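S.K.: Sharing a structure here in structure tokens format.
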Amino acid sequence: MWTRLRGGKVYDPNANATGTVRDLWICNGVIAQPSPGLIPDHDIDVHGCIVMAGAIDMHTHIGGGKVNLARMLLPEFQHARLAPAERWEERQKLGPVPSTYATGCRYAELGYTACFEPAVLPVNARQSHLEMADTPFLDTGGYAMLGNEDYLLQCIADKRPQAEINDLVAWTLQSTQCLGIKVVNAAGINAFKFNQRSLDVHEPNQHYGVTPAQVLGTLCTALEDLDVPHPLHVHSSNLGMPGNIESTLATIEATAPHRVHLTHVQFHAYGAEGVHGMSSAAARIAEAVNANPRLSIDVGQVVFGQTVTISGDTMFQFRQCGVAKPHKPCIVDIELEGGCGVVPFRYEQKQFVNALQWTIGLEILLLVKDPWRVFLTTDHPNGGSFTSYPHLIALLMDRSYRERILAELHPDAVASSQLKGIDREYTLEEIAILTRAAPAKILGIKNLGHLGVDAQADITVYRPNSNIESMFACPHLVLKRGKVIVRDGVIVDWVSGGTHTVRPQWERKGVERLRGYMEQHHTLAMEQFVISDEELELRIGSPLTIHPLLHTRRS
Amino acid sequence: MLGLRMRTCGTCPFCGLLCDGITFPSQSTTAQADTLPNQNCERLTRGWLLSQPNSAWHLKPMRHGRISESQAAVSEAAQLIAQSRRPLFCGLGTDVAGMRQIVDYARHVGAILDHQHSDALQVNLKLLQHGGWISTTLSEIRFRADVIVLVGDGVLERFPRLLSLLADGTKPAPKIFWLGTDDLRFRSLALLLPELETISLKKSEWLSALSEIHARFSKRTCRDSAAPIANENKNSLAALETALAGSKYAAWIWSAADFLADGDDLILDSLLRVVTRLNESTRSAVLPLAGSHGDVTAQQVCTWKTGFPLRQVLNKVEADYQPQRYRALNVLKKNDCDSAVYVSAFEPIEPPEEFWNVSGVKVIVGHPALKSALRADYFFPTAIPGIDHDSHLFRGDGVAVVSLNAKRVALAPSVAEWFGNLLNEHVAQGGPSPSPSA
């Protein structure tokens with residue numbers, strides 16, 4: 001069965017296509033090369049339309065215990081609608097933590113076809129995959145959280161061989177069926193369980209005597225040794241604290257010379273200057289990223305309005321309890337692995353700190369020169385809902401639009417912001433990099449994010465519109481594995497996604513000590529942490545794609 | 001081939017602890033004593049006994065008390081449910097796969113969803129939704145807690161292996177307190193566990209006791225003297241306060257089924273305030289335990305699939321979450337449903353008497369030993385999750401989905417299979433569908 005998308009203006013950064021008019025041919029759900037003279041079974045005329053690969057959100061909290069806890073906590077903000085919405089206004093009425101069903105629908109309606117859950121606790125991995133499997137349309141994957149387990153910290157404190165840590169990391173990736181490793185406030189969540197209330201990059205966790213820098217170095221080394229494509233995904237120390245730029249830069253230094261991905265850097269780019277004791281350090285972050293090709297970042301852009309923050313960083317979230325809106329914060333210590341904090345929050349544009357956060361996110365996006373190493377995220381729902389992406393893309397592509405909004409913010413934030421002086425406007429090609437090609441590349445996923453032969457036929461087609469926000473909010477067509485699922489913003493057909501993972505090798509003897517530790521201290525058997533391929537595919541219900549490793553292993 | 005064993009070691013599905021490493025007997029065609037798993041657990045023993053097939057079991061679908069051909073029964077039941085104005089799906093004693101199918105089917109037919117334990121679930125949910133909490137999980141307590149406070153009379157009956165699960169032999173044993181009510185039953189239970197420091201308070205004393213503890217850690221004088229605490233308890237409470245003052249990680253565990261009476265929510269709310277206060281200087285957290293008969297499983301699956309917890313009605317386009325209105329017993333008493341499906345797969349727990357007052361079709365999907373099989377309009381016998389078929393269940397602390405393997409060959413289809421059949425039949429009959437593809 002052949003389908004042809006005929007005559008669209010293709011934006012495919014991998015092929016240097018920037019509005020190149022050409023046909024796309026699809027066979028069996030992938031982009032294919034037809035034999036000369038082939039007549040397609042379906043011919044879809046997209047003349048004049050902009051054609052991109054399906055968009056990818058590489059950091060969005062869409063599945064797992066913390067998300068479901070937030071749903072239970074906040075029914076008052078939940079939008080009741082379950083069915084696909086026909087009008088954009090209806091689709092925007094989405095609570096901060098929608099159901100799996102609504103999440104899949106809304107992402108697909110925006111032209112997103114793959115999303116990655118960045119905080120999968122190993123003990124909760126099965127729930128994360130169950131929820132993601134129940135999220136229609138989307139290909140998914142997760143980053144397993146490491147860096148706060150009592151076992152790992154004890155290993156580092158005991159100076160266990162790196163090879164043993166490598167086996168632990170590889171075993172975790174396989175057991176949890178994850179694509180990467182994330183560390184959240186390295187050693188800090190654990191320190192909080194021992195009543196330590198702060199922890200900087202070179203400061204020891206008082207119980208284990210291990211610093212965040214040691215944890216980061218150990219895990220970066222492990223991922224490099226194991227050839228895992230996605231570099232360590234790092235939520236740095238001291239999130240949200242004025243002056244935390246120093247911790248963030250120290251984190252960058254501590255991870256040298258390894259590749260590293262710093263996540264939601266907007267929340268880690270604060271100086272401590274000015275009358276309010278808080279200032280933008282976006283320029284310093286951008287400078288560091290521009291100077292270090294080993295770095296990539298996602299932003300965690302703030303969007304004004306009600307949301308709920310959900311983070312593994314209990315040390316930080318506990319400090320935030322006092323500003324919870326509404327006041328019902330939840331902090332959970334979890335299974336010698338980590339934790340989660342769910343704190344409802346409302347970002348106000350007339351509030352200095354929130355307005356400053358808004359400007360910092362955009363400053364970072366505009367000051368980092370290489371769009372292949374910076375990603376547009378709201379850290380959904382922490383900075384705001386993913387449904388704001390069309391609005392945010394418009395802000396990046398239209399200087400006058402962002403300056404109009406800037407003028408409405410708290411005047412001190414406006415005065416201290418560099419944003420007004422930045423004239424850069426993203427091009428469509430750069431948007432295609434930022435939201436498609438670059439996320440696939442940084443995750444090591446070869447068959448998504450581009451429109452070359454053998455790519456999965458996840459395609460978004462936009463009708464050109466001078467109103468950029470409207471154009472990205474309501475794609476003309478969205479195809480998932482070659483099937484039209486959205487037409488003019490409305491869902492017309494139903495397709496399930498699959499799970500993306502990697503599979504580095506590990507040796508059984510390397511995790512035998514872990515087995516003994518778990519028998520002693522845990523309340524679940526080690527086998528309960530293992531999700532087999534068969535379980536994922538048949539019982540959880542998500543087909544598996546295992547991506548190749550980097551093959552850069554030194555001889 | 002009744003009861004042919006497939007595995008010897010596995011996870012027990014009969015309470016929210018989902019204990020691992022249980023040795024199940026190799027042959028179990030009868031419920032003789034020597035076929036019982038030897039784990040010193042009343043819940044396991046009871047569940048296992050009830051899972052032994054006997055001649056009274058109804059292993060075939062039934063229609064008005066008579067054995068029926070399966071497809072015909074499914075077809076008729078689906079048609080009658082589709083014709084009803086407002087179906088109620090209650091009981092909901094099933095696993096993740098069963099609940100996923102139930103919610104999908106509920107979306108097609110516009111059903112109300114509620115679990116048989118939802119009064120207890122609602123106690124915890126209301127607390128959470130009112131002011132949040134600082135909570136913990138079983139391994140955290142085992143590894144870290146130096147003080148454990150069991151709150152309520154029934155927690156060890158509902159979770160018999162709790163204390164052994166929390167015992168980590170490599171660290172000093174935590175100080176364990178048990179706050180119970182002032183009655184003979186609690187006192188006799190407490191006598192069996194002399195290593196626990198028990199404090200038996202009248203219900204009226206609980207608030208005063210918690211206020212005193214709160215005041216001590218707030219460095220304020222307690223103003224609440226409405227119910228002065230009996231002298232014999234003052235020493236025990238002082239010991240608890242002293243232990244808390246010196247603790248590095250104090251864990252409070254309760255089972256919400258002990259707190260269903262009016263005003264009990266104030267007790268738990270006071271307890272949460274104590275924990276919040278303790279966290280100003282040390283660490284402390286609560287563990288509201290649940291998880292039996294798939295209650296946490298139903299709550300979690302319902303929440304992620306619809307965005308709302310149980311006690312909601314689904315229609316073709318939206319969910320309506322009203323915990324008071326859609327409490328199953330209220331719905332049944334007010335005749336707010338005109339068909340009802342009751343699910344109980346773990347044990348043969350009969351539906352409430354009000355179930356039989358429903359005007360329309362009454363369907364039971366459940367354990368083959370259910371006596372109401374004969375009374376229902378349609379009865380579909382089910383396999384037991386985690387015994388007869390591989391299963392996923394949420395553990396009682398809500399953080400782990402445990403994978404349970406079958407211990408024997410299933411004698412009946414799973415809940416998921418029956419609801420999948422009902423949904424397929426609904427679609428085949430041209431029933432309304434909420435999604436473009438169905």
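Scheme for the structure tokens: letters A, B, ... for chains in order shown; per-chain residue numbers from 1; ligand numbers from 1 in order shown.
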May I have the residues within 9 Å of Thr140 (chain A) as a PyMOL selection string, using only C-alpha atoms and disregarding those fewer than 6 positions away in the same chain?
M.R.: chain A and resi 113-117+129+132-133+497-500
S.K.: Can you list, as a list in words, every protein, DNA or RNA residue that comes within 10 Å of Ala157 (chain A) when you count only C-alpha atoms, leaving out same-chain residues fewer than 5 positions away?
M.R.: Tyr151, Leu152, His207, Tyr208, Gly209, Val210, Thr211, Gln214 and Val215 of chain A
S.K.: Quick one: residues within 7 Å of region 248-264 of chain B, only C-alpha atoms counted, chain neighbours fewer than 3 positions away excluded, as an NGL selection string?
M.R.: :B and (120 or 123-124 or 141 or 144-155 or 244 or 267-268 or 282-290)
S.K.: Find the spatial neighbours of region 351-356 of chain A, counting only C-alpha atoms, within a cut-off of 6 Å - ignore same-chain residues fewer than 4 positions away - and output them as a PyMOL selection string.
M.R.: chain A and resi 347+409-410+413
S.K.: Could you turn the residues from that selection into a file that holds all heavy atoms, as an mmCIF file, in the first residue's frame?
M.R.:
```cif
data_model
loop_
_atom_site.group_PDB
_atom_site.id
_atom_site.type_symbol
_atom_site.label_atom_id
_atom_site.label_comp_id
_atom_site.auth_asym_id
_atom_site.auth_seq_id
_atom_site.Cartn_x
_atom_site.Cartn_y
_atom_site.Cartn_z
ATOM 1 N N TYR A 347 1.748 30.625 37.881
ATOM 2 C CA TYR A 347 2.695 31.633 37.411
ATOM 3 C C TYR A 347 1.910 32.892 37.025
ATOM 4 O O TYR A 347 1.002 32.835 36.202
ATOM 5 C CB TYR A 347 3.467 31.130 36.187
ATOM 6 C CG TYR A 347 4.401 29.978 36.471
ATOM 7 C CD1 TYR A 347 4.043 28.668 36.166
ATOM 8 C CD2 TYR A 347 5.655 30.195 37.047
ATOM 9 C CE1 TYR A 347 4.906 27.613 36.422
ATOM 10 C CE2 TYR A 347 6.529 29.144 37.313
ATOM 11 C CZ TYR A 347 6.141 27.858 36.993
ATOM 12 O OH TYR A 347 6.991 26.801 37.244
ATOM 13 N N LEU A 409 4.541 42.614 31.342
ATOM 14 C CA LEU A 409 5.034 41.915 32.517
ATOM 15 C C LEU A 409 5.441 42.880 33.627
ATOM 16 O O LEU A 409 5.447 44.094 33.454
ATOM 17 C CB LEU A 409 6.229 41.042 32.133
ATOM 18 C CG LEU A 409 6.026 40.061 30.985
ATOM 19 C CD1 LEU A 409 7.234 39.147 30.862
ATOM 20 C CD2 LEU A 409 4.761 39.239 31.168
ATOM 21 N N HIS A 410 5.803 42.314 34.751
ATOM 22 C CA HIS A 410 6.266 43.108 35.880
ATOM 23 C C HIS A 410 7.402 44.021 35.407
ATOM 24 O O HIS A 410 8.390 43.553 34.825
ATOM 25 C CB HIS A 410 6.773 42.176 36.985
ATOM 26 C CG HIS A 410 7.049 42.863 38.275
ATOM 27 N ND1 HIS A 410 8.135 43.690 38.458
ATOM 28 C CD2 HIS A 410 6.372 42.854 39.451
ATOM 29 C CE1 HIS A 410 8.128 44.161 39.698
ATOM 30 N NE2 HIS A 410 7.066 43.669 40.319
ATOM 31 N N ALA A 413 11.048 43.130 36.012
ATOM 32 C CA ALA A 413 11.521 41.996 35.212
ATOM 33 C C ALA A 413 11.858 42.464 33.798
ATOM 34 O O ALA A 413 12.871 42.061 33.219
ATOM 35 C CB ALA A 413 10.458 40.899 35.181
#
```
S.K.: Would you tabulate, counting only C-alpha atoms, all residues of chain B that have an atom at most 6 Å from an atom of chain A, showing the closest pair of atoms and their distance in Å to one decimal, sorted by chain then ascending number, as JSON lines?
M.R.:
```
{"residue": "B:Gln129", "atom": "CA", "partner": "A:Leu73", "partner_atom": "CA", "distance": 4.9}
{"residue": "B:Gly131", "atom": "CA", "partner": "A:Lys328", "partner_atom": "CA", "distance": 4.0}
{"residue": "B:Gly132", "atom": "CA", "partner": "A:Lys328", "partner_atom": "CA", "distance": 4.2}
{"residue": "B:Trp133", "atom": "CA", "partner": "A:Cys330", "partner_atom": "CA", "distance": 4.8}
{"residue": "B:Ile134", "atom": "CA", "partner": "A:Ile331", "partner_atom": "CA", "distance": 4.6}
{"residue": "B:Ser135", "atom": "CA", "partner": "A:Val332", "partner_atom": "CA", "distance": 4.7}
{"residue": "B:Thr136", "atom": "CA", "partner": "A:Asp333", "partner_atom": "CA", "distance": 4.7}
{"residue": "B:Thr137", "atom": "CA", "partner": "A:Ile334", "partner_atom": "CA", "distance": 5.7}
{"residue": "B:Ser139", "atom": "CA", "partner": "A:Glu335", "partner_atom": "CA", "distance": 4.9}
{"residue": "B:Glu140", "atom": "CA", "partner": "A:Glu335", "partner_atom": "CA", "distance": 5.1}
{"residue": "B:Phe143", "atom": "CA", "partner": "A:His521", "partner_atom": "CA", "distance": 5.7}
{"residue": "B:Thr282", "atom": "CA", "partner": "A:Asn195", "partner_atom": "CA", "distance": 5.9}
{"residue": "B:Arg283", "atom": "CA", "partner": "A:Asn195", "partner_atom": "CA", "distance": 5.9}
{"residue": "B:Trp304", "atom": "CA", "partner": "A:Ser99", "partner_atom": "CA", "distance": 5.1}
{"residue": "B:Lys305", "atom": "CA", "partner": "A:Ser99", "partner_atom": "CA", "distance": 5.4}
{"residue": "B:Thr306", "atom": "CA", "partner": "A:Ser99", "partner_atom": "CA", "distance": 5.1}
{"residue": "B:Gly307", "atom": "CA", "partner": "A:Ser99", "partner_atom": "CA", "distance": 4.1}
{"residue": "B:Val317", "atom": "CA", "partner": "A:Ala83", "partner_atom": "CA", "distance": 4.5}
{"residue": "B:Glu318", "atom": "CA", "partner": "A:Arg81", "partner_atom": "CA", "distance": 4.1}
{"residue": "B:Ala319", "atom": "CA", "partner": "A:Ala80", "partner_atom": "CA", "distance": 5.0}
{"residue": "B:Val399", "atom": "CA", "partner": "A:Asn124", "partner_atom": "CA", "distance": 5.9}
{"residue": "B:Ala400", "atom": "CA", "partner": "A:Asn124", "partner_atom": "CA", "distance": 5.3}
{"residue": "B:Pro436", "atom": "CA", "partner": "A:Asp493", "partner_atom": "CA", "distance": 5.5}
{"residue": "B:Ser437", "atom": "CA", "partner": "A:Trp494", "partner_atom": "CA", "distance": 5.6}
```
S.K.: Please identify all polymer residues within 9 Å of Leu196 (chain B), counting only C-alpha atoms, omitting same-chain residues fewer than 5 positions from it, and present them as a PyMOL selection string.
M.R.: chain B and resi 175-178+190
S.K.: Using only C-alpha atoms, can you tell me which of A:Phe77, A:Phe375, A:Phe386, A:Tyr426 comes closest to Asp398 (chain A)?
M.R.: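 Looking at the shortest contact to Asp398 (chain A), the residue is A:Tyr426.
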S.K.: List every residue of region 147-370 of chain B that DSSP, applied to the backbone of this structure, places in strand (DSSP E), and write the result as a ChimeraX atom specification.
M.R.: /B:147-151,175-181,197-201,249-255,283-289,312-314,319-321,339-344,362-366
S.K.: Would you export the selected residues with N, CA and C atoms as a compact mmCIF listing (two decimals), in the first residue's frame, please?
M.R.:
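Result file follows (part.txt):
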```
# COMPACT_ATOMS: atom_id res chain seq x y z
N VAL B 147 11.35 5.14 64.31
CA VAL B 147 10.09 5.09 65.06
C VAL B 147 8.96 4.76 64.07
N ILE B 148 8.17 3.77 64.41
CA ILE B 148 6.99 3.43 63.59
C ILE B 148 5.76 3.53 64.48
N VAL B 149 4.76 4.23 64.00
CA VAL B 149 3.51 4.34 64.76
C VAL B 149 2.40 3.72 63.91
N LEU B 150 1.85 2.61 64.41
CA LEU B 150 0.68 2.02 63.76
C LEU B 150 -0.54 2.73 64.32
N VAL B 151 -1.40 3.18 63.44
CA VAL B 151 -2.54 3.99 63.88
C VAL B 151 -3.84 3.26 63.51
N LYS B 175 11.60 1.60 67.23
CA LYS B 175 10.62 1.60 68.31
C LYS B 175 9.24 1.62 67.66
N ILE B 176 8.42 0.65 68.00
CA ILE B 176 7.10 0.58 67.36
C ILE B 176 5.99 0.85 68.39
N PHE B 177 5.17 1.82 68.07
CA PHE B 177 3.99 2.15 68.89
C PHE B 177 2.75 1.72 68.12
N TRP B 178 1.72 1.39 68.89
CA TRP B 178 0.45 1.04 68.25
C TRP B 178 -0.66 1.81 68.95
N LEU B 179 -1.20 2.77 68.23
CA LEU B 179 -2.31 3.57 68.75
C LEU B 179 -3.63 2.90 68.37
N GLY B 180 -4.35 2.40 69.36
CA GLY B 180 -5.61 1.74 69.06
C GLY B 180 -6.74 2.32 69.89
N THR B 181 -7.90 1.72 69.74
CA THR B 181 -9.04 2.22 70.51
C THR B 181 -9.18 1.43 71.82
N GLU B 197 4.74 -1.07 71.85
CA GLU B 197 4.21 -0.19 72.90
C GLU B 197 2.80 0.20 72.47
N THR B 198 1.80 -0.31 73.17
CA THR B 198 0.43 -0.04 72.74
C THR B 198 -0.20 1.07 73.58
N ILE B 199 -0.98 1.87 72.91
CA ILE B 199 -1.68 2.97 73.57
C ILE B 199 -3.14 2.86 73.15
N SER B 200 -4.00 2.52 74.09
CA SER B 200 -5.41 2.38 73.72
C SER B 200 -6.18 3.59 74.21
N LEU B 201 -6.66 4.35 73.26
CA LEU B 201 -7.34 5.61 73.55
C LEU B 201 -8.81 5.51 73.18
N TYR B 249 13.62 9.48 61.64
CA TYR B 249 12.62 9.20 60.59
C TYR B 249 11.48 8.44 61.24
N ALA B 250 10.41 9.15 61.50
CA ALA B 250 9.24 8.53 62.14
C ALA B 250 8.16 8.29 61.09
N ALA B 251 7.68 7.05 61.03
CA ALA B 251 6.66 6.70 60.03
C ALA B 251 5.35 6.37 60.73
N TRP B 252 4.25 6.85 60.17
CA TRP B 252 2.91 6.63 60.72
C TRP B 252 2.12 5.83 59.68
N ILE B 253 1.62 4.68 60.11
CA ILE B 253 0.94 3.80 59.17
C ILE B 253 -0.51 3.60 59.61
N TRP B 254 -1.44 3.79 58.69
CA TRP B 254 -2.83 3.48 59.02
C TRP B 254 -3.51 2.78 57.86
N SER B 255 -4.62 2.19 58.17
CA SER B 255 -5.50 1.62 57.16
C SER B 255 -6.81 2.39 57.26
N ARG B 283 12.78 14.27 60.15
CA ARG B 283 12.00 13.70 59.06
C ARG B 283 10.92 12.78 59.60
N SER B 284 9.77 12.85 58.99
CA SER B 284 8.64 12.03 59.38
C SER B 284 7.71 11.94 58.18
N ALA B 285 6.98 10.83 58.06
CA ALA B 285 6.10 10.67 56.90
C ALA B 285 5.01 9.67 57.22
N VAL B 286 3.95 9.73 56.44
CA VAL B 286 2.82 8.83 56.67
C VAL B 286 2.76 7.77 55.57
N LEU B 287 2.16 6.65 55.91
CA LEU B 287 1.87 5.62 54.91
C LEU B 287 0.43 5.17 55.07
N PRO B 288 -0.48 5.74 54.26
CA PRO B 288 -1.87 5.28 54.29
C PRO B 288 -1.96 3.98 53.47
N LEU B 289 -2.02 2.86 54.15
CA LEU B 289 -1.98 1.56 53.45
C LEU B 289 -3.36 1.17 52.91
N GLN B 312 -17.14 8.44 39.57
CA GLN B 312 -17.42 9.35 38.46
C GLN B 312 -18.31 8.60 37.49
N VAL B 313 -18.92 9.37 36.62
CA VAL B 313 -19.64 8.74 35.51
C VAL B 313 -18.96 9.18 34.23
N LEU B 314 -18.81 8.23 33.32
CA LEU B 314 -18.22 8.53 32.03
C LEU B 314 -19.33 8.58 31.00
N ALA B 319 -16.07 13.17 31.53
CA ALA B 319 -16.20 12.50 32.82
C ALA B 319 -16.85 13.47 33.80
N ASP B 320 -17.70 12.94 34.66
CA ASP B 320 -18.32 13.76 35.69
C ASP B 320 -17.94 13.15 37.04
N TYR B 321 -17.05 13.83 37.75
CA TYR B 321 -16.52 13.31 39.00
C TYR B 321 -17.23 13.97 40.17
N SER B 339 -29.00 -0.26 35.29
CA SER B 339 -28.36 -1.56 35.09
C SER B 339 -27.11 -1.55 35.96
N ALA B 340 -26.62 -2.74 36.30
CA ALA B 340 -25.45 -2.77 37.19
C ALA B 340 -24.60 -3.99 36.88
N VAL B 341 -23.30 -3.76 36.91
CA VAL B 341 -22.34 -4.85 36.75
C VAL B 341 -21.45 -4.85 37.99
N TYR B 342 -21.38 -6.00 38.65
CA TYR B 342 -20.59 -6.12 39.87
C TYR B 342 -19.41 -7.04 39.59
N VAL B 343 -18.20 -6.60 40.02
CA VAL B 343 -16.98 -7.35 39.73
C VAL B 343 -16.28 -7.69 41.04
N SER B 344 -15.99 -8.98 41.25
CA SER B 344 -15.23 -9.38 42.44
C SER B 344 -14.47 -10.66 42.10
N LYS B 362 -28.89 -7.09 35.79
CA LYS B 362 -27.88 -7.19 36.86
C LYS B 362 -26.89 -8.27 36.44
N VAL B 363 -25.64 -7.84 36.29
CA VAL B 363 -24.61 -8.74 35.78
C VAL B 363 -23.53 -8.89 36.84
N ILE B 364 -23.06 -10.12 37.03
CA ILE B 364 -21.95 -10.33 37.95
C ILE B 364 -20.80 -10.98 37.18
N VAL B 365 -19.64 -10.36 37.32
CA VAL B 365 -18.42 -10.88 36.72
C VAL B 365 -17.50 -11.17 37.89
N GLY B 366 -17.33 -12.44 38.23
CA GLY B 366 -16.59 -12.65 39.46
C GLY B 366 -16.24 -14.08 39.76
```
S.K.: If we count only C-alpha atoms, what is near Thr218 (chain A) at a cut-off of 8 Å, once residues fewer than 4 positions away on the same chain are taken out, given as number ranges by chain?
M.R.: A: 162, 165, 214, 222
S.K.: When you count only C-alpha atoms, which of these residues is closest to Glu149 (chain A): A:Pro13, A:Gly188, A:Gly243, A:Gly510?
M.R.: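 The closest residue to Glu149 (chain A) is A:Gly188.
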S.K.: What does the distance from CA of Thr378 (chain A) to CA of Ile189 (chain A) come to in Å, to one decimal?
M.R.: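 Result for CA of Thr378 (chain A) versus CA of Ile189 (chain A): 22.6 Å, one decimal.
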S.K.: Applying 12 Å and only C-alpha atoms, which residues near Leu38 (chain A) remain after dropping the ones on its own chain fewer than 2 positions away? List them as a ChimeraX atom specification.
M.R.: /A:1-4,25-27,32-36,40-43
S.K.: Kindly give the distance, in Å, that separates CA of Val296 (chain B) and CA of Leu113 (chain B), rounded to a single decimal.
M.R.: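 The value is 13.7 Å.
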S.K.: Name the residues of region 43-115 of chain B that fall into alpha helix (DSSP H) according to DSSP on the backbone, using the chain letters and numbers of this document, as a ChimeraX atom specification.
M.R.: /B:43-50,70-83,96-109
S.K.: Do you have the CA of Leu239 (chain A)-CA of Ile297 (chain A) distance handy?
M.R.: 14.8 Å
S.K.: When distances are computed from only C-alpha atoms, which of A:Arg106, A:His261, A:Lys446, A:Lys159 shows the smallest separation from Pro136 (chain A)?
M.R.: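 Of A:Arg106, A:His261, A:Lys446, A:Lys159, the one nearest Pro136 (chain A), counting only C-alpha atoms, is A:Arg106.
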